[in-house]
file entry26.csv (CSV, C-alpha atoms)
chain,number,residue,atom,x,y,z
A,1,MET,CA,-33.3,73.7,-1.7
A,2,PRO,CA,-34.7,75.9,1.2
A,3,TYR,CA,-32.6,78.3,3.0
A,4,VAL,CA,-33.1,78.9,6.8
A,5,ASN,CA,-31.5,81.7,8.7
A,6,ILE,CA,-31.8,81.5,12.5
A,7,LYS,CA,-30.6,84.6,14.5
A,8,ILE,CA,-30.2,84.3,18.3
A,9,THR,CA,-28.4,86.3,20.9
A,10,ARG,CA,-24.9,85.2,21.6
A,11,GLU,CA,-25.3,83.6,25.0
A,12,GLY,CA,-23.3,80.4,24.9
A,13,ALA,CA,-25.1,78.1,22.5
A,14,THR,CA,-23.0,74.9,22.3
A,15,ALA,CA,-21.9,73.1,19.1
A,16,GLN,CA,-24.3,70.3,20.1
A,17,GLN,CA,-27.2,72.8,20.4
A,18,LYS,CA,-26.4,74.3,17.0
A,19,ALA,CA,-26.2,70.9,15.5
A,20,ALA,CA,-29.7,70.1,17.0
A,21,LEU,CA,-31.1,73.3,15.5
A,22,ILE,CA,-29.7,72.4,12.1
A,23,ARG,CA,-31.0,68.9,12.2
A,24,GLY,CA,-34.4,70.0,13.5
A,25,ALA,CA,-34.9,72.8,10.9
A,26,THR,CA,-33.9,70.5,8.1
A,27,ASP,CA,-36.3,67.8,9.2
A,28,LEU,CA,-39.1,70.3,9.5
A,29,LEU,CA,-38.7,71.3,5.8
A,30,VAL,CA,-38.6,67.7,4.8
A,31,ASP,CA,-41.6,66.7,6.9
A,32,VAL,CA,-43.9,69.7,6.1
A,33,LEU,CA,-43.0,70.4,2.5
A,34,GLY,CA,-41.1,67.3,1.2
A,35,LYS,CA,-38.0,69.3,0.5
A,36,ASN,CA,-34.7,67.7,-0.3
A,37,PRO,CA,-32.4,67.7,2.8
A,38,ALA,CA,-29.2,67.4,0.7
A,39,THR,CA,-29.6,71.0,-0.6
A,40,THR,CA,-31.3,72.5,2.5
A,41,ILE,CA,-29.0,75.1,4.0
A,42,VAL,CA,-29.3,76.3,7.6
A,43,VAL,CA,-27.2,79.3,8.8
A,44,ILE,CA,-27.2,80.3,12.5
A,45,GLU,CA,-26.0,83.8,13.4
A,46,GLU,CA,-25.3,84.9,17.0
A,47,VAL,CA,-25.7,88.5,17.8
A,48,ASP,CA,-24.3,90.3,20.9
A,49,THR,CA,-26.9,91.3,23.5
A,50,ASP,CA,-25.8,94.9,23.0
A,51,SER,CA,-26.8,94.7,19.3
A,52,TRP,CA,-30.2,93.0,19.8
A,53,GLY,CA,-33.2,95.1,20.7
A,54,ILE,CA,-36.8,94.3,21.7
A,55,GLY,CA,-39.3,96.7,23.1
A,56,GLY,CA,-37.0,99.5,22.2
A,57,GLU,CA,-34.2,98.3,24.6
A,58,THR,CA,-31.1,96.2,24.1
A,59,VAL,CA,-31.2,92.8,25.6
A,60,THR,CA,-28.2,93.9,27.8
A,61,GLU,CA,-30.4,96.6,29.3
A,62,ARG,CA,-33.4,94.2,29.8
A,63,ARG,CA,-31.2,91.6,31.6
A,64,LYS,CA,-30.2,94.3,34.1
A,65,GLY,CA,-33.7,95.7,34.4
A,66,VAL,CA,-35.8,95.3,37.6
B,1,MET,CA,-28.5,100.6,-6.1
B,2,PRO,CA,-28.6,96.8,-5.7
B,3,TYR,CA,-27.6,95.0,-2.4
B,4,VAL,CA,-25.8,91.7,-2.5
B,5,ASN,CA,-25.2,89.6,0.5
B,6,ILE,CA,-22.8,86.7,0.2
B,7,LYS,CA,-22.6,84.2,3.1
B,8,ILE,CA,-19.7,81.7,3.2
B,9,THR,CA,-18.2,79.5,5.8
B,10,ARG,CA,-15.3,81.1,7.8
B,11,GLU,CA,-12.4,79.2,6.4
B,12,GLY,CA,-9.7,81.7,5.8
B,13,ALA,CA,-10.9,83.8,2.9
B,14,THR,CA,-8.3,86.5,2.4
B,15,ALA,CA,-8.8,90.3,2.0
B,16,GLN,CA,-7.8,89.8,-1.7
B,17,GLN,CA,-10.4,87.1,-2.2
B,18,LYS,CA,-13.1,89.3,-0.6
B,19,ALA,CA,-12.1,92.2,-2.7
B,20,ALA,CA,-12.4,89.9,-5.8
B,21,LEU,CA,-15.9,88.8,-4.7
B,22,ILE,CA,-17.0,92.5,-4.3
B,23,ARG,CA,-15.5,93.5,-7.6
B,24,GLY,CA,-17.0,90.5,-9.4
B,25,ALA,CA,-20.5,90.9,-7.9
B,26,THR,CA,-20.6,94.6,-8.7
B,27,ASP,CA,-19.5,94.0,-12.3
B,28,LEU,CA,-22.1,91.3,-12.6
B,29,LEU,CA,-24.9,93.8,-11.7
B,30,VAL,CA,-23.5,96.4,-14.1
B,31,ASP,CA,-23.1,94.0,-17.0
B,32,VAL,CA,-26.4,92.1,-16.7
B,33,LEU,CA,-28.8,94.9,-15.5
B,34,GLY,CA,-26.9,98.1,-16.2
B,35,LYS,CA,-27.0,99.0,-12.5
B,36,ASN,CA,-24.9,102.0,-11.1
B,37,PRO,CA,-21.8,100.6,-9.4
B,38,ALA,CA,-21.4,103.7,-7.2
B,39,THR,CA,-24.4,102.7,-5.2
B,40,THR,CA,-24.1,98.9,-5.4
B,41,ILE,CA,-23.4,97.5,-1.9
B,42,VAL,CA,-21.9,94.0,-1.4
B,43,VAL,CA,-21.7,92.6,2.1
B,44,ILE,CA,-19.8,89.4,2.8
B,45,GLU,CA,-20.6,87.4,6.0
B,46,GLU,CA,-18.5,84.6,7.2
B,47,VAL,CA,-20.1,81.9,9.4
B,48,ASP,CA,-18.4,79.3,11.6
B,49,THR,CA,-18.6,75.8,10.3
B,50,ASP,CA,-20.4,74.8,13.6
B,51,SER,CA,-23.2,77.2,12.6
B,52,TRP,CA,-23.6,76.3,9.0
B,53,GLY,CA,-25.7,73.2,8.1
B,54,ILE,CA,-26.3,71.3,4.9
B,55,GLY,CA,-28.0,67.9,4.6
B,56,GLY,CA,-29.1,68.2,8.2
B,57,GLU,CA,-25.5,68.3,9.5
B,58,THR,CA,-23.0,71.0,10.4
B,59,VAL,CA,-20.1,71.6,8.1
B,60,THR,CA,-17.8,70.7,11.0
B,61,GLU,CA,-19.4,67.2,11.2
B,62,ARG,CA,-19.3,66.8,7.4
B,63,ARG,CA,-15.6,67.6,7.3
B,64,LYS,CA,-14.9,64.9,9.9
B,65,GLY,CA,-17.2,62.4,8.1
B,66,VAL,CA,-15.9,59.3,6.4
C,1,MET,CA,-22.3,75.7,0.0
C,2,PRO,CA,-22.4,79.5,-0.2
C,3,TYR,CA,-25.6,81.5,-0.1
C,4,VAL,CA,-26.0,84.7,-2.2
C,5,ASN,CA,-28.9,87.0,-1.9
C,6,ILE,CA,-29.3,89.7,-4.6
C,7,LYS,CA,-31.9,92.4,-3.9
C,8,ILE,CA,-32.8,94.7,-6.8
C,9,THR,CA,-35.7,97.1,-7.6
C,10,ARG,CA,-38.6,95.5,-9.5
C,11,GLU,CA,-38.2,97.1,-12.9
C,12,GLY,CA,-38.7,94.4,-15.4
C,13,ALA,CA,-35.6,92.1,-15.0
C,14,THR,CA,-36.3,89.2,-17.4
C,15,ALA,CA,-36.0,85.5,-16.7
C,16,GLN,CA,-32.9,85.5,-19.0
C,17,GLN,CA,-31.3,88.3,-16.9
C,18,LYS,CA,-32.0,86.5,-13.7
C,19,ALA,CA,-30.5,83.3,-15.1
C,20,ALA,CA,-27.4,85.3,-16.0
C,21,LEU,CA,-27.1,86.7,-12.5
C,22,ILE,CA,-27.4,83.2,-11.0
C,23,ARG,CA,-24.8,81.8,-13.4
C,24,GLY,CA,-22.5,84.7,-12.8
C,25,ALA,CA,-22.7,84.7,-9.0
C,26,THR,CA,-22.2,81.0,-8.9
C,27,ASP,CA,-19.2,81.1,-11.2
C,28,LEU,CA,-17.7,83.9,-9.0
C,29,LEU,CA,-17.8,81.8,-5.9
C,30,VAL,CA,-16.2,78.9,-7.8
C,31,ASP,CA,-13.5,81.0,-9.4
C,32,VAL,CA,-12.5,83.1,-6.3
C,33,LEU,CA,-13.0,80.6,-3.5
C,34,GLY,CA,-13.2,77.2,-5.2
C,35,LYS,CA,-16.7,76.6,-3.8
C,36,ASN,CA,-18.9,73.7,-5.0
C,37,PRO,CA,-21.5,75.0,-7.5
C,38,ALA,CA,-23.8,72.1,-6.8
C,39,THR,CA,-24.7,73.4,-3.4
C,40,THR,CA,-24.4,77.2,-4.1
C,41,ILE,CA,-27.7,78.9,-3.7
C,42,VAL,CA,-28.5,82.3,-5.3
C,43,VAL,CA,-31.8,84.0,-4.4
C,44,ILE,CA,-32.9,87.1,-6.3
C,45,GLU,CA,-35.5,89.4,-4.6
C,46,GLU,CA,-37.2,92.2,-6.4
C,47,VAL,CA,-38.5,95.1,-4.4
C,48,ASP,CA,-41.0,97.8,-5.5
C,49,THR,CA,-39.5,101.2,-6.1
C,50,ASP,CA,-41.9,102.6,-3.3
C,51,SER,CA,-40.2,100.3,-0.8
C,52,TRP,CA,-36.5,100.9,-1.8
C,53,GLY,CA,-34.9,104.0,-0.3
C,54,ILE,CA,-31.5,105.7,-1.0
C,55,GLY,CA,-30.4,109.1,0.1
C,56,GLY,CA,-33.5,109.2,2.4
C,57,GLU,CA,-35.9,109.0,-0.5
C,58,THR,CA,-37.8,106.3,-2.3
C,59,VAL,CA,-36.6,105.3,-5.7
C,60,THR,CA,-40.1,106.3,-7.0
C,61,GLU,CA,-39.5,109.8,-5.7
C,62,ARG,CA,-36.0,110.0,-7.2
C,63,ARG,CA,-37.2,108.9,-10.6
C,64,LYS,CA,-39.7,111.8,-10.6
C,65,GLY,CA,-37.1,114.2,-9.3
C,66,VAL,CA,-35.7,117.1,-11.3
D,1,MET,CA,-44.1,92.6,15.3
D,2,PRO,CA,-41.8,94.2,12.8
D,3,TYR,CA,-38.2,93.0,12.3
D,4,VAL,CA,-35.5,95.6,11.5
D,5,ASN,CA,-32.0,94.6,10.5
D,6,ILE,CA,-29.3,97.3,10.4
D,7,LYS,CA,-26.0,96.4,8.9
D,8,ILE,CA,-23.0,98.8,9.4
D,9,THR,CA,-19.3,98.6,9.0
D,10,ARG,CA,-17.5,97.7,12.3
D,11,GLU,CA,-15.8,100.9,13.2
D,12,GLY,CA,-16.3,101.3,16.9
D,13,ALA,CA,-20.0,101.9,17.4
D,14,THR,CA,-20.5,102.1,21.2
D,15,ALA,CA,-23.2,100.3,23.3
D,16,GLN,CA,-24.9,103.7,23.7
D,17,GLN,CA,-25.0,104.3,20.0
D,18,LYS,CA,-26.4,100.9,19.4
D,19,ALA,CA,-29.0,101.5,22.1
D,20,ALA,CA,-30.0,104.7,20.4
D,21,LEU,CA,-30.4,103.0,17.0
D,22,ILE,CA,-32.6,100.4,18.6
D,23,ARG,CA,-34.7,103.0,20.4
D,24,GLY,CA,-35.0,105.1,17.3
D,25,ALA,CA,-35.9,102.3,14.9
D,26,THR,CA,-38.6,101.0,17.3
D,27,ASP,CA,-40.1,104.5,17.8
D,28,LEU,CA,-40.1,104.9,14.0
D,29,LEU,CA,-42.3,101.8,13.5
D,30,VAL,CA,-44.6,102.9,16.3
D,31,ASP,CA,-44.9,106.4,15.0
D,32,VAL,CA,-45.4,105.7,11.3
D,33,LEU,CA,-47.3,102.4,11.4
D,34,GLY,CA,-48.7,102.1,14.9
D,35,LYS,CA,-46.7,98.9,15.5
D,36,ASN,CA,-46.5,97.3,18.9
D,37,PRO,CA,-43.0,98.0,20.3
D,38,ALA,CA,-43.1,95.0,22.7
D,39,THR,CA,-42.7,92.6,19.8
D,40,THR,CA,-40.5,94.8,17.5
D,41,ILE,CA,-37.1,93.3,17.1
D,42,VAL,CA,-34.1,95.3,15.9
D,43,VAL,CA,-30.8,93.4,15.1
D,44,ILE,CA,-27.6,95.4,14.4
D,45,GLU,CA,-24.9,93.5,12.5
D,46,GLU,CA,-21.3,95.0,12.2
D,47,VAL,CA,-19.3,93.9,9.2
D,48,ASP,CA,-15.5,94.3,8.8
D,49,THR,CA,-14.4,97.0,6.3
D,50,ASP,CA,-12.7,94.2,4.3
D,51,SER,CA,-16.0,92.5,3.8
D,52,TRP,CA,-18.1,95.6,2.8
D,53,GLY,CA,-18.0,96.8,-0.7
D,54,ILE,CA,-19.4,99.8,-2.5
D,55,GLY,CA,-18.5,101.0,-5.9
D,56,GLY,CA,-16.8,97.7,-6.6
D,57,GLU,CA,-14.2,98.3,-3.9
D,58,THR,CA,-13.9,97.3,-0.2
D,59,VAL,CA,-14.3,100.0,2.4
D,60,THR,CA,-10.7,99.3,3.5
D,61,GLU,CA,-9.5,100.2,0.0
D,62,ARG,CA,-11.6,103.3,-0.2
D,63,ARG,CA,-10.3,104.6,3.1
D,64,LYS,CA,-6.8,104.3,1.8
D,65,GLY,CA,-7.6,105.9,-1.5
D,66,VAL,CA,-6.4,109.3,-2.6
E,1,MET,CA,-36.5,86.5,21.1
E,2,PRO,CA,-35.0,84.6,18.1
E,3,TYR,CA,-35.7,85.5,14.5
E,4,VAL,CA,-36.1,82.7,12.0
E,5,ASN,CA,-36.3,83.4,8.2
E,6,ILE,CA,-37.3,80.5,5.9
E,7,LYS,CA,-36.9,81.0,2.2
E,8,ILE,CA,-38.5,78.5,-0.1
E,9,THR,CA,-39.5,78.4,-3.8
E,10,ARG,CA,-43.1,79.6,-4.5
E,11,GLU,CA,-44.7,76.3,-5.4
E,12,GLY,CA,-48.0,76.3,-3.7
E,13,ALA,CA,-47.3,75.9,0.0
E,14,THR,CA,-50.6,76.2,1.8
E,15,ALA,CA,-51.6,78.3,4.8
E,16,GLN,CA,-51.7,75.0,6.8
E,17,GLN,CA,-48.2,74.1,5.8
E,18,LYS,CA,-46.9,77.6,6.6
E,19,ALA,CA,-48.5,77.4,10.0
E,20,ALA,CA,-46.8,74.0,10.5
E,21,LEU,CA,-43.4,75.5,9.6
E,22,ILE,CA,-44.0,78.4,12.1
E,23,ARG,CA,-45.1,76.1,14.9
E,24,GLY,CA,-42.3,73.7,14.2
E,25,ALA,CA,-39.5,76.4,14.1
E,26,THR,CA,-40.8,78.0,17.2
E,27,ASP,CA,-41.0,74.7,19.1
E,28,LEU,CA,-37.4,73.9,18.0
E,29,LEU,CA,-36.0,77.1,19.5
E,30,VAL,CA,-37.9,76.4,22.7
E,31,ASP,CA,-36.8,72.8,22.9
E,32,VAL,CA,-33.2,73.2,22.0
E,33,LEU,CA,-32.3,76.6,23.6
E,34,GLY,CA,-35.2,77.3,26.0
E,35,LYS,CA,-36.2,80.5,24.1
E,36,ASN,CA,-39.4,82.3,24.9
E,37,PRO,CA,-42.0,81.5,22.2
E,38,ALA,CA,-43.9,84.7,22.8
E,39,THR,CA,-41.2,86.8,21.2
E,40,THR,CA,-40.0,84.3,18.6
E,41,ILE,CA,-40.6,85.6,15.1
E,42,VAL,CA,-40.7,83.3,12.1
E,43,VAL,CA,-40.9,84.9,8.6
E,44,ILE,CA,-41.5,82.7,5.5
E,45,GLU,CA,-40.6,84.1,2.1
E,46,GLU,CA,-41.5,82.5,-1.1
E,47,VAL,CA,-39.4,83.1,-4.2
E,48,ASP,CA,-40.3,82.5,-7.9
E,49,THR,CA,-38.5,79.5,-9.4
E,50,ASP,CA,-37.0,82.0,-12.0
E,51,SER,CA,-35.3,83.8,-9.2
E,52,TRP,CA,-33.9,80.9,-7.3
E,53,GLY,CA,-30.7,79.3,-8.4
E,54,ILE,CA,-28.8,76.2,-7.5
E,55,GLY,CA,-25.8,74.7,-9.3
E,56,GLY,CA,-25.7,77.8,-11.5
E,57,GLU,CA,-29.1,77.3,-12.9
E,58,THR,CA,-32.6,78.6,-12.1
E,59,VAL,CA,-35.0,76.1,-10.6
E,60,THR,CA,-37.2,76.8,-13.6
E,61,GLU,CA,-34.4,75.5,-15.9
E,62,ARG,CA,-33.7,72.5,-13.7
E,63,ARG,CA,-37.4,71.4,-13.6
E,64,LYS,CA,-37.3,71.4,-17.5
E,65,GLY,CA,-34.0,69.6,-17.6
E,66,VAL,CA,-33.5,66.1,-18.8
F,1,MET,CA,-23.1,103.1,3.6
F,2,PRO,CA,-25.4,101.3,6.0
F,3,TYR,CA,-28.1,98.9,4.8
F,4,VAL,CA,-31.4,98.7,6.7
F,5,ASN,CA,-34.0,96.1,6.1
F,6,ILE,CA,-37.4,96.5,7.5
F,7,LYS,CA,-39.8,93.6,7.4
F,8,ILE,CA,-43.5,94.2,8.3
F,9,THR,CA,-46.7,92.3,7.7
F,10,ARG,CA,-48.5,93.3,4.4
F,11,GLU,CA,-51.5,95.2,5.8
F,12,GLY,CA,-51.9,98.3,3.6
F,13,ALA,CA,-48.8,100.4,4.4
F,14,THR,CA,-49.1,103.4,2.0
F,15,ALA,CA,-46.4,104.9,-0.2
F,16,GLN,CA,-46.4,107.9,2.1
F,17,GLN,CA,-45.8,105.7,5.1
F,18,LYS,CA,-43.0,103.8,3.4
F,19,ALA,CA,-41.4,107.1,2.4
F,20,ALA,CA,-41.6,108.1,6.1
F,21,LEU,CA,-39.9,104.9,7.2
F,22,ILE,CA,-37.1,105.4,4.7
F,23,ARG,CA,-36.6,109.0,5.6
F,24,GLY,CA,-36.7,108.2,9.3
F,25,ALA,CA,-34.3,105.2,9.2
F,26,THR,CA,-31.8,107.2,7.1
F,27,ASP,CA,-32.0,110.2,9.5
F,28,LEU,CA,-31.4,107.8,12.4
F,29,LEU,CA,-28.1,106.5,10.9
F,30,VAL,CA,-27.0,110.1,10.1
F,31,ASP,CA,-27.9,111.4,13.6
F,32,VAL,CA,-26.5,108.5,15.7
F,33,LEU,CA,-23.5,107.4,13.7
F,34,GLY,CA,-22.8,110.3,11.3
F,35,LYS,CA,-23.3,108.0,8.3
F,36,ASN,CA,-23.5,109.4,4.7
F,37,PRO,CA,-27.2,109.4,3.7
F,38,ALA,CA,-26.3,109.3,0.0
F,39,THR,CA,-25.2,105.7,0.2
F,40,THR,CA,-27.6,104.6,2.9
F,41,ILE,CA,-30.0,102.0,1.5
F,42,VAL,CA,-33.3,101.1,3.2
F,43,VAL,CA,-35.4,98.2,1.9
F,44,ILE,CA,-38.9,97.5,3.1
F,45,GLU,CA,-40.3,94.0,2.7
F,46,GLU,CA,-44.0,93.2,3.3
F,47,VAL,CA,-44.9,89.7,4.2
F,48,ASP,CA,-48.4,88.1,4.1
F,49,THR,CA,-50.0,87.5,7.5
F,50,ASP,CA,-50.1,83.7,6.6
F,51,SER,CA,-46.3,83.8,6.4
F,52,TRP,CA,-45.5,85.7,9.6
F,53,GLY,CA,-45.4,83.9,12.9
F,54,ILE,CA,-45.1,85.0,16.4
F,55,GLY,CA,-45.7,82.9,19.6
F,56,GLY,CA,-45.8,79.8,17.3
F,57,GLU,CA,-48.9,81.0,15.4
F,58,THR,CA,-49.4,82.9,12.2
F,59,VAL,CA,-50.6,86.5,12.4
F,60,THR,CA,-53.7,85.4,10.4
F,61,GLU,CA,-54.6,83.0,13.3
F,62,ARG,CA,-53.9,85.5,16.0
F,63,ARG,CA,-56.1,88.1,14.3
F,64,LYS,CA,-59.0,85.6,14.4
F,65,GLY,CA,-58.2,84.5,18.0
F,66,VAL,CA,-60.4,85.1,20.9

call {"tool": "encode", "arguments": {"input": "entry26.csv", "output": "structure tokens"}}
result
Amino acid sequence: MPYVNIKITREGATAQQKAALIRGATDLLVDVLGKNPATTIVVIEEVDTDSWGIGGETVTERRKGV
Amino acid sequence: MPYVNIKITREGATAQQKAALIRGATDLLVDVLGKNPATTIVVIEEVDTDSWGIGGETVTERRKGV
Amino acid sequence: MPYVNIKITREGATAQQKAALIRGATDLLVDVLGKNPATTIVVIEEVDTDSWGIGGETVTERRKGV
Amino acid sequence: MPYVNIKITREGATAQQKAALIRGATDLLVDVLGKNPATTIVVIEEVDTDSWGIGGETVTERRKGV
Amino acid sequence: MPYVNIKITREGATAQQKAALIRGATDLLVDVLGKNPATTIVVIEEVDTDSWGIGGETVTERRKGV
Amino acid sequence: MPYVNIKITREGATAQQKAALIRGATDLLVDVLGKNPATTIVVIEEVDTDSWGIGGETVTERRKGV
């Protein structure tokens, strides 16, 4: 029954990589807490680098930085 | 003052259907808890089927499944 | 498969009221979008009035306001 | 280490405005709570006006309203 | 830089189990997407069984069900 | 109409500090994007250090670390 939300920057994650994240996160909940995979939901959200900040800067700015 | 976040797979929900979800969720908070609708926010987020997992698989994979 | 998150201030919602929110939100997704209720998750989170702000003030302050 | 999520309607916020939100939210956590900016994450999510409701109506409807 | 939010019912997860979830989710992002673990945040939120619904019922009700 | 969610570790933030975060976040949305403060919601959520991970470790572990 768990719900997992993974937010990453939108930088070309493939359908295969997303499927691997979903499988891995579901397995983790099963292995660590014995949760039922059938009702485990994993939602991946990709966010533009202009809209993601760390250290007070957008990721777009950091990528350009020296 | 409540905040409701509804996440669904992106599969063609129409503007009318979204409006119905917003009206329904707002009414629910008013009816059950007497909340003020004027400050009740409902946000609908649609997620690609490649990015939504259940049972350890993406919805894209499940739709293809036999 | 939808996921609904309802955030309200912690002000004594009863188990019956929470059950009514869960039933109502699930029915809404079934009625409007034909979603499967068996995999529809609804999570209610209650937040202290000190930690909820609207109009730039906490709800605690507003309740005291004149 | 804080995590800040800002949801707004998608109505043309520029990269500069998003950068200002990220800088401002990070500074706020540093100033008020002494948090470390280097690990403060700010994520901005823009939502279509059809998918954002307040007062039981979508923002699209309200903008048209008389 | 990813952000992972894991929501589970509050049913006695130990500090060791939470640490295992955090390690596992971080490793997953590193392995699948090559993300930097130093800025990967994982937040676990536990929710009372009265406040978690699936299939239109609270988990409290389901646990009692026959 | 924006919605801001601030997640921090539960380490004794006072009601005054939370009020300052709410005021500051609301002002930020008004100043940068011209949003209406009356319908701007800010929700602060505090998370135990056992349930917050960064760098693959819980904050509890990091605080003990050498």

call {"tool": "residues_near_point", "arguments": {"input": "entry26.csv", "point": "(-19.3, 85.8, 7.1)", "cutoff": "8 Å", "atoms": "all atoms listed in the file", "output": "number ranges by chain"}}
result
B: 6-10, 44-48

call {"tool": "interface_residues", "arguments": {"input": "entry26.csv", "of": "chain B", "to": "chain A", "cutoff": "6 Å", "atoms": "all atoms listed in the file", "output": "list in words"}}
result
Asp50, Ser51, Trp52, Gly53, Ile54, Gly55 and Gly56 of chain B

call {"tool": "write_last_selection", "arguments": {"input": "entry26.csv", "atoms": "C-alpha atoms", "output": "PDB file, in the coordinates of the input"}}
result
ATOM      1  CA  ASP B  50     -20.400  74.800  13.600  1.00  0.00           C
ATOM      2  CA  SER B  51     -23.200  77.200  12.600  1.00  0.00           C
ATOM      3  CA  TRP B  52     -23.600  76.300   9.000  1.00  0.00           C
ATOM      4  CA  GLY B  53     -25.700  73.200   8.100  1.00  0.00           C
ATOM      5  CA  ILE B  54     -26.300  71.300   4.900  1.00  0.00           C
ATOM      6  CA  GLY B  55     -28.000  67.900   4.600  1.00  0.00           C
ATOM      7  CA  GLY B  56     -29.100  68.200   8.200  1.00  0.00           C
TER       8      GLY B  56
END

call {"tool": "atom_distance", "arguments": {"input": "entry26.csv", "atom1": "CA of Glu61 (chain C)", "atom2": "CA of Thr49 (chain C)"}}
result
8.6 Å

call {"tool": "atom_distance", "arguments": {"input": "entry26.csv", "atom1": "CA of Leu28 (chain D)", "atom2": "CA of Val30 (chain F)"}}
result
14.6 Å

call {"tool": "atom_distance", "arguments": {"input": "entry26.csv", "atom1": "CA of Glu11 (chain D)", "atom2": "CA of Val59 (chain D)"}}
result
10.9 Å
